[in-house]
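model-v1.cif follows (mmCIF, C-alpha atoms):
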data_protein
loop_
_atom_site.group_PDB
_atom_site.id
_atom_site.type_symbol
_atom_site.label_atom_id
_atom_site.label_comp_id
_atom_site.auth_asym_id
_atom_site.auth_seq_id
_atom_site.Cartn_x
_atom_site.Cartn_y
_atom_site.Cartn_z
ATOM 1 C CA MET X 1 78.566 80.429 150.910
ATOM 2 C CA PRO X 2 81.091 83.246 151.074
ATOM 3 C CA VAL X 3 84.601 82.666 152.285
ATOM 4 C CA ALA X 4 84.872 81.984 156.009
ATOM 5 C CA LEU X 5 87.482 83.193 158.454
ATOM 6 C CA HIS X 6 89.586 80.144 159.230
ATOM 7 C CA HIS X 7 92.981 81.038 160.687
ATOM 8 C CA ILE X 8 94.812 84.015 162.018
ATOM 9 C CA VAL X 9 98.287 83.376 160.632
ATOM 10 C CA VAL X 10 101.281 84.612 162.580
ATOM 11 C CA ASP X 11 104.723 84.921 160.987
ATOM 12 C CA THR X 12 106.909 83.240 163.574
ATOM 13 C CA HIS X 13 110.565 82.533 164.344
ATOM 14 C CA ASP X 14 110.177 79.777 166.936
ATOM 15 C CA LEU X 15 106.974 77.949 166.025
ATOM 16 C CA PRO X 16 106.794 75.472 168.937
ATOM 17 C CA ALA X 17 107.615 78.141 171.516
ATOM 18 C CA LEU X 18 105.118 80.700 170.243
ATOM 19 C CA ALA X 19 102.412 78.069 169.782
ATOM 20 C CA ARG X 20 103.016 76.942 173.355
ATOM 21 C CA PHE X 21 102.686 80.511 174.639
ATOM 22 C CA TRP X 22 99.350 81.035 172.862
ATOM 23 C CA THR X 23 97.865 77.647 173.780
ATOM 24 C CA GLN X 24 98.650 78.376 177.413
ATOM 25 C CA ALA X 25 97.454 81.979 177.147
ATOM 26 C CA LEU X 26 94.084 81.060 175.651
ATOM 27 C CA GLY X 27 93.596 77.589 177.109
ATOM 28 C CA TRP X 28 93.565 76.242 173.559
ATOM 29 C CA SER X 29 94.850 72.958 172.141
ATOM 30 C CA LEU X 30 97.445 71.997 169.587
ATOM 31 C CA LEU X 31 95.437 70.912 166.535
ATOM 32 C CA SER X 32 98.216 70.071 164.097
ATOM 33 C CA GLU X 33 101.979 70.318 164.095
ATOM 34 C CA ARG X 34 104.248 70.187 161.108
ATOM 35 C CA GLU X 35 107.728 71.590 160.654
ATOM 36 C CA ARG X 36 106.502 74.703 158.890
ATOM 37 C CA GLU X 37 102.968 75.001 160.271
ATOM 38 C CA ILE X 38 101.488 74.656 163.733
ATOM 39 C CA VAL X 39 97.768 75.194 164.242
ATOM 40 C CA ILE X 40 96.067 75.798 167.575
ATOM 41 C CA GLY X 41 92.423 76.363 168.422
ATOM 42 C CA PRO X 42 89.745 75.941 171.062
ATOM 43 C CA ASP X 43 88.934 72.586 169.465
ATOM 44 C CA VAL X 44 88.894 71.040 165.997
ATOM 45 C CA HIS X 45 85.311 72.176 165.402
ATOM 46 C CA ALA X 46 85.852 75.831 166.288
ATOM 47 C CA PRO X 47 85.648 78.101 163.278
ATOM 48 C CA VAL X 48 88.746 80.167 164.058
ATOM 49 C CA GLY X 49 92.226 79.104 165.076
ATOM 50 C CA ILE X 50 95.742 80.516 165.026
ATOM 51 C CA CYS X 51 98.341 79.187 162.605
ATOM 52 C CA PHE X 52 102.066 79.768 163.101
ATOM 53 C CA MET X 53 104.247 79.781 159.987
ATOM 54 C CA PRO X 54 107.952 80.494 159.611
ATOM 55 C CA VAL X 55 109.375 83.903 158.784
ATOM 56 C CA THR X 56 112.973 84.964 158.367
ATOM 57 C CA GLY X 57 112.850 88.742 158.739
ATOM 58 C CA PRO X 58 112.765 90.510 162.088
ATOM 59 C CA LYS X 59 109.679 92.332 163.336
ATOM 60 C CA ALA X 60 110.257 95.963 162.344
ATOM 61 C CA VAL X 61 107.151 97.979 163.197
ATOM 62 C CA LYS X 62 104.001 97.764 165.292
ATOM 63 C CA ASN X 63 101.728 95.147 163.779
ATOM 64 C CA ARG X 64 98.744 96.543 161.870
ATOM 65 C CA LEU X 65 96.685 93.579 163.000
ATOM 66 C CA HIS X 66 96.579 92.589 166.634
ATOM 67 C CA LEU X 67 94.450 90.436 168.905
ATOM 68 C CA ASP X 68 92.178 91.731 171.639
ATOM 69 C CA LEU X 69 91.637 89.296 174.487
ATOM 70 C CA THR X 70 88.831 89.613 176.974
ATOM 71 C CA THR X 71 88.366 88.287 180.457
ATOM 72 C CA SER X 72 86.065 88.822 183.375
ATOM 73 C CA ALA X 73 86.559 91.984 185.395
ATOM 74 C CA SER X 74 87.455 90.018 188.505
ATOM 75 C CA ASP X 75 90.066 87.901 186.708
ATOM 76 C CA ARG X 76 91.689 90.693 184.742
ATOM 77 C CA ASP X 77 94.700 91.568 186.918
ATOM 78 C CA ALA X 78 95.438 87.942 187.677
ATOM 79 C CA GLU X 79 95.196 87.062 183.990
ATOM 80 C CA ILE X 80 97.648 89.812 183.059
ATOM 81 C CA ASP X 81 100.055 88.503 185.690
ATOM 82 C CA ARG X 82 99.611 84.988 184.318
ATOM 83 C CA LEU X 83 100.328 86.150 180.752
ATOM 84 C CA LEU X 84 103.458 87.970 181.914
ATOM 85 C CA ALA X 85 104.605 84.809 183.693
ATOM 86 C CA LEU X 86 104.065 82.847 180.461
ATOM 87 C CA GLY X 87 106.448 85.166 178.597
ATOM 88 C CA ALA X 88 104.421 88.215 177.611
ATOM 89 C CA ARG X 89 105.708 91.688 178.400
ATOM 90 C CA HIS X 90 104.225 95.133 178.601
ATOM 91 C CA ALA X 91 104.415 97.021 175.308
ATOM 92 C CA ASP X 92 104.430 100.720 174.536
ATOM 93 C CA VAL X 93 102.471 101.587 171.410
ATOM 94 C CA GLY X 94 101.923 105.196 172.400
ATOM 95 C CA GLN X 95 99.093 104.577 174.831
ATOM 96 C CA THR X 96 98.586 107.221 177.514
ATOM 97 C CA GLY X 97 97.864 104.854 180.375
ATOM 98 C CA ASP X 98 94.291 106.112 180.668
ATOM 99 C CA GLU X 99 92.942 103.498 178.276
ATOM 100 C CA SER X 100 90.617 100.754 179.399
ATOM 101 C CA TRP X 101 92.913 98.160 177.855
ATOM 102 C CA THR X 102 96.380 96.893 178.712
ATOM 103 C CA VAL X 103 98.888 96.474 175.906
ATOM 104 C CA LEU X 104 101.130 93.434 176.076
ATOM 105 C CA ALA X 105 103.347 91.682 173.543
ATOM 106 C CA ASP X 106 103.911 87.976 173.066
ATOM 107 C CA PRO X 107 107.433 86.482 173.251
ATOM 108 C CA GLU X 108 108.115 87.488 169.623
ATOM 109 C CA GLY X 109 106.894 91.048 170.155
ATOM 110 C CA ASN X 110 103.431 90.754 168.611
ATOM 111 C CA GLU X 111 101.280 93.305 170.386
ATOM 112 C CA PHE X 112 97.951 92.269 171.883
ATOM 113 C CA CYS X 113 95.521 93.871 174.291
ATOM 114 C CA VAL X 114 93.638 92.638 177.317
ATOM 115 C CA VAL X 115 90.382 94.576 177.174
ATOM 116 C CA ARG X 116 87.438 95.041 179.469
ATOM 117 C CA PRO X 117 84.806 92.315 179.429
ATOM 118 C CA LYS X 118 82.948 91.900 176.187
ATOM 119 C CA THR X 119 79.828 93.901 175.459
ATOM 120 C CA THR X 120 77.687 93.341 172.427
ATOM 121 C CA LEU X 121 75.679 96.555 172.353
ATOM 122 C CA VAL X 122 75.036 97.931 168.917
ATOM 123 C CA GLY X 123 75.253 101.695 168.573
ATOM 124 C CA MET T 1 88.627 81.154 182.868
ATOM 125 C CA PRO T 2 91.649 82.274 180.863
ATOM 126 C CA VAL T 3 91.485 85.214 178.540
ATOM 127 C CA ALA T 4 89.424 84.617 175.405
ATOM 128 C CA LEU T 5 90.099 85.747 171.864
ATOM 129 C CA HIS T 6 87.603 88.507 171.228
ATOM 130 C CA HIS T 7 88.594 90.745 168.317
ATOM 131 C CA ILE T 8 91.111 90.859 165.548
ATOM 132 C CA VAL T 9 91.937 94.560 165.513
ATOM 133 C CA VAL T 10 92.944 96.178 162.235
ATOM 134 C CA ASP T 11 94.687 99.566 162.114
ATOM 135 C CA THR T 12 92.662 101.349 159.463
ATOM 136 C CA HIS T 13 92.598 104.610 157.511
ATOM 137 C CA ASP T 14 89.003 104.550 156.232
ATOM 138 C CA LEU T 15 87.014 102.668 158.859
ATOM 139 C CA PRO T 16 83.586 102.574 157.150
ATOM 140 C CA ALA T 17 85.073 101.555 153.799
ATOM 141 C CA LEU T 18 87.266 98.778 155.172
ATOM 142 C CA ALA T 19 84.489 97.508 157.452
ATOM 143 C CA ARG T 20 82.176 97.409 154.444
ATOM 144 C CA PHE T 21 84.717 95.409 152.437
ATOM 145 C CA TRP T 22 85.105 92.807 155.179
ATOM 146 C CA THR T 23 81.387 92.496 155.992
ATOM 147 C CA GLN T 24 80.750 91.856 152.314
ATOM 148 C CA ALA T 25 83.742 89.529 151.965
ATOM 149 C CA LEU T 26 82.742 87.331 154.921
ATOM 150 C CA GLY T 27 78.969 87.790 154.868
ATOM 151 C CA TRP T 28 79.245 89.307 158.357
ATOM 152 C CA SER T 29 77.212 92.075 160.013
ATOM 153 C CA LEU T 30 78.042 95.462 161.433
ATOM 154 C CA LEU T 31 77.867 94.978 165.207
ATOM 155 C CA SER T 32 78.769 98.463 166.429
ATOM 156 C CA GLU T 33 79.878 101.678 164.816
ATOM 157 C CA ARG T 34 81.541 104.615 166.508
ATOM 158 C CA GLU T 35 83.793 107.280 165.069
ATOM 159 C CA ARG T 36 86.953 105.532 166.189
ATOM 160 C CA GLU T 37 85.812 101.918 166.347
ATOM 161 C CA ILE T 38 83.745 99.729 164.059
ATOM 162 C CA VAL T 39 83.114 96.102 164.996
ATOM 163 C CA ILE T 40 81.879 93.405 162.629
ATOM 164 C CA GLY T 41 81.169 89.749 163.235
ATOM 165 C CA PRO T 42 79.073 86.768 162.170
ATOM 166 C CA ASP T 43 76.561 87.788 164.873
ATOM 167 C CA VAL T 44 76.653 89.338 168.329
ATOM 168 C CA HIS T 45 77.040 85.949 169.991
ATOM 169 C CA ALA T 46 80.006 84.802 167.932
ATOM 170 C CA PRO T 47 83.209 84.638 169.945
ATOM 171 C CA VAL T 48 85.439 86.359 167.405
ATOM 172 C CA GLY T 49 84.910 89.536 165.390
ATOM 173 C CA ILE T 50 87.011 92.108 163.593
ATOM 174 C CA CYS T 51 87.447 95.609 165.005
ATOM 175 C CA PHE T 52 88.649 98.524 162.884
ATOM 176 C CA MET T 53 90.448 101.340 164.674
ATOM 177 C CA PRO T 54 92.117 104.460 163.268
ATOM 178 C CA VAL T 55 95.782 104.678 162.397
ATOM 179 C CA THR T 56 97.763 107.572 160.953
ATOM 180 C CA GLY T 57 100.895 105.951 159.598
ATOM 181 C CA PRO T 58 101.061 104.218 156.229
ATOM 182 C CA LYS T 59 101.422 100.472 155.885
ATOM 183 C CA ALA T 60 105.154 99.911 155.449
ATOM 184 C CA VAL T 61 105.840 96.188 155.402
ATOM 185 C CA LYS T 62 104.067 92.875 154.941
ATOM 186 C CA ASN T 63 101.829 92.269 157.945
ATOM 187 C CA ARG T 64 103.143 89.697 160.400
ATOM 188 C CA LEU T 65 99.574 88.654 161.138
ATOM 189 C CA HIS T 66 97.175 87.874 158.335
ATOM 190 C CA LEU T 67 93.865 86.134 157.866
ATOM 191 C CA ASP T 68 93.333 82.852 156.053
ATOM 192 C CA LEU T 69 89.894 82.460 154.526
ATOM 193 C CA THR T 70 88.487 79.147 153.446
ATOM 194 C CA THR T 71 85.783 78.214 151.005
ATOM 195 C CA SER T 72 84.495 75.137 149.270
ATOM 196 C CA ALA T 73 86.579 73.817 146.405
ATOM 197 C CA SER T 74 83.778 74.428 143.932
ATOM 198 C CA ASP T 75 83.287 78.041 145.025
ATOM 199 C CA ARG T 76 86.930 78.992 145.232
ATOM 200 C CA ASP T 77 87.544 80.677 141.874
ATOM 201 C CA ALA T 78 84.203 82.462 141.968
ATOM 202 C CA GLU T 79 84.882 83.655 145.497
ATOM 203 C CA ILE T 80 88.269 85.057 144.506
ATOM 204 C CA ASP T 81 86.614 86.907 141.633
ATOM 205 C CA ARG T 82 83.969 88.217 144.013
ATOM 206 C CA LEU T 83 86.621 89.451 146.467
ATOM 207 C CA LEU T 84 88.502 91.190 143.649
ATOM 208 C CA ALA T 85 85.266 92.877 142.573
ATOM 209 C CA LEU T 86 84.728 94.075 146.149
ATOM 210 C CA GLY T 87 88.093 95.842 146.118
ATOM 211 C CA ALA T 88 90.690 93.206 146.914
ATOM 212 C CA ARG T 89 93.734 92.804 144.692
ATOM 213 C CA HIS T 90 96.344 90.147 144.105
ATOM 214 C CA ALA T 91 99.389 90.579 146.334
ATOM 215 C CA ASP T 92 102.968 89.450 145.914
ATOM 216 C CA VAL T 93 104.542 88.317 149.166
ATOM 217 C CA GLY T 94 107.190 86.200 147.490
ATOM 218 C CA GLN T 95 104.985 83.232 146.737
ATOM 219 C CA THR T 96 106.097 81.013 143.878
ATOM 220 C CA GLY T 97 102.678 80.410 142.389
ATOM 221 C CA ASP T 98 102.825 76.716 143.220
ATOM 222 C CA GLU T 99 101.160 77.192 146.605
ATOM 223 C CA SER T 100 97.728 75.834 147.384
ATOM 224 C CA TRP T 101 96.618 79.286 148.515
ATOM 225 C CA THR T 102 95.983 82.556 146.718
ATOM 226 C CA VAL T 103 97.358 85.745 148.242
ATOM 227 C CA LEU T 104 95.142 88.811 148.059
ATOM 228 C CA ALA T 105 95.160 92.150 149.856
ATOM 229 C CA ASP T 106 92.221 94.164 151.115
ATOM 230 C CA PRO T 107 91.675 97.772 149.942
ATOM 231 C CA GLU T 108 94.209 99.054 152.507
ATOM 232 C CA GLY T 109 96.819 96.506 151.508
ATOM 233 C CA ASN T 110 96.379 94.007 154.338
ATOM 234 C CA GLU T 111 97.399 90.649 152.941
ATOM 235 C CA PHE T 112 95.081 87.678 153.314
ATOM 236 C CA CYS T 113 94.929 84.218 151.770
ATOM 237 C CA VAL T 114 92.158 82.134 150.287
ATOM 238 C CA VAL T 115 93.130 78.610 151.183
ATOM 239 C CA ARG T 116 91.916 75.173 150.296
ATOM 240 C CA PRO T 117 88.897 73.896 152.178
ATOM 241 C CA LYS T 118 89.420 73.358 155.872
ATOM 242 C CA THR T 119 90.729 70.083 157.199
ATOM 243 C CA THR T 120 90.964 69.259 160.861
ATOM 244 C CA LEU T 121 93.352 66.330 160.775
ATOM 245 C CA VAL T 122 95.824 66.214 163.591
ATOM 246 C CA GLY T 123 99.266 64.998 162.636
#
Whole structure given in structure tokens:
Amino acid sequence: MPVALHHIVVDTHDLPALARFWTQALGWSLLSEREREIVIGPDVHAPVGICFMPVTGPKAVKNRLHLDLTTSASDRDAEIDRLLALGARHADVGQTGDESWTVLADPEGNEFCVVRPKTTLVG
Amino acid sequence: MPVALHHIVVDTHDLPALARFWTQALGWSLLSEREREIVIGPDVHAPVGICFMPVTGPKAVKNRLHLDLTTSASDRDAEIDRLLALGARHADVGQTGDESWTVLADPEGNEFCVVRPKTTLVG
């Protein structure tokens, strides 16, 4: 078996606060909590979770990796409002405003996008 | 339903080359390929994939988000060798060498770790 994707690791200043934001954002659960490592995921059997680990340096540039979140078309505006209420903010990464996605940032400035509902077409 | 994690998006210079590295690394498939967006995943029904999108600027600092990959204990050394042969390289992010994980970087310098086999203990 090749390696498997296990965690998306986020360098974090305030681990409990950022983990709380993302559990609430995604409806995920806290899977493990230690002083220097908090893991969240949909459940303990899900293949992929998010792991928060401490960092000392400030965020300096736009992240080269970011998360795309999807939702249903009917829920999209309400979900963006909910994320903003949880502590997200709008982020400017040079988008024109004509894109089909909305760029937000989490409370530590990590950019993420809320995209149109998932399609799985190949081509 | 809250937003769902859909894609990990990677700002990329050479989309086909980096997508090829990661499909081979993870044993994933190419799910869609367009000039400015390549998506890979375990299969079209999997909740989480990786999406490569173009970027112009060079990578300047250690990524604040990175991927942790897991493997079986018996496969670990062979898997690291396989990843290096695919185009990964060892990366220095200040680790001491005593860690339980090995830090590598993909062909565009994005750091990732090969960690010890997954545990799901809460505590």
To one decimal place, how far is atom CA of Val115 of chain T from atom CA of Thr71 of chain T in Å?
7.4 Å
Within 7 Å of chain X, which residues of chain T come that close, and what is the closest atom pair and distance in Å for each? Count only C-alpha atoms and give it as a Markdown table.
| residue | atom | partner | partner_atom | distance |
| --- | --- | --- | --- | --- |
| T:Pro2 | CA | X:Leu26 | CA | 5.9 |
| T:Val3 | CA | X:Thr71 | CA | 4.8 |
| T:Ala4 | CA | X:Leu69 | CA | 5.3 |
| T:Leu5 | CA | X:Leu69 | CA | 4.7 |
| T:His6 | CA | X:Leu69 | CA | 5.2 |
| T:His7 | CA | X:Asp68 | CA | 5.0 |
| T:Ile8 | CA | X:Leu67 | CA | 4.8 |
| T:Val9 | CA | X:His66 | CA | 5.2 |
| T:Val10 | CA | X:Leu65 | CA | 4.6 |
| T:Asp11 | CA | X:Arg64 | CA | 5.1 |
| T:Ala25 | CA | X:Pro2 | CA | 6.9 |
| T:Leu26 | CA | X:Val3 | CA | 5.7 |
| T:Gly27 | CA | X:Pro2 | CA | 6.3 |
| T:Leu31 | CA | X:Val122 | CA | 5.5 |
| T:Ser32 | CA | X:Val122 | CA | 4.5 |
| T:Glu33 | CA | X:Gly123 | CA | 6.0 |
| T:Val44 | CA | X:Thr120 | CA | 5.8 |
| T:Asn63 | CA | X:Asn63 | CA | 6.5 |
| T:Arg64 | CA | X:Asp11 | CA | 5.1 |
| T:Leu65 | CA | X:Val10 | CA | 4.6 |
| T:His66 | CA | X:Val9 | CA | 5.2 |
| T:Leu67 | CA | X:Ile8 | CA | 4.8 |
| T:Asp68 | CA | X:His7 | CA | 5.0 |
| T:Leu69 | CA | X:Leu5 | CA | 4.7 |
| T:Thr70 | CA | X:Ala4 | CA | 5.3 |
| T:Thr71 | CA | X:Val3 | CA | 4.8 |
| T:Glu79 | CA | X:Pro2 | CA | 6.8 |
| T:Thr120 | CA | X:Val44 | CA | 5.8 |
| T:Leu121 | CA | X:Ser32 | CA | 7.0 |
| T:Val122 | CA | X:Ser32 | CA | 4.6 |
| T:Gly123 | CA | X:Ser32 | CA | 5.4 |
What is the atom CA of Thr23 of chain X-atom CA of Ala91 of chain X distance in Å, reported with one decimal?
20.5 Å
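Atom pair atom CA of Trp101 of chain T / atom CA of Pro107 of chain X has a distance of 27.9 Å (rounded to one decimal).
For the set T:Gly109, T:Arg116, T:Gly41, T:Leu104, the residue with the smallest atom-to-atom gap to Ala73 of chain T is T:Arg116, counting all atoms listed in the file.
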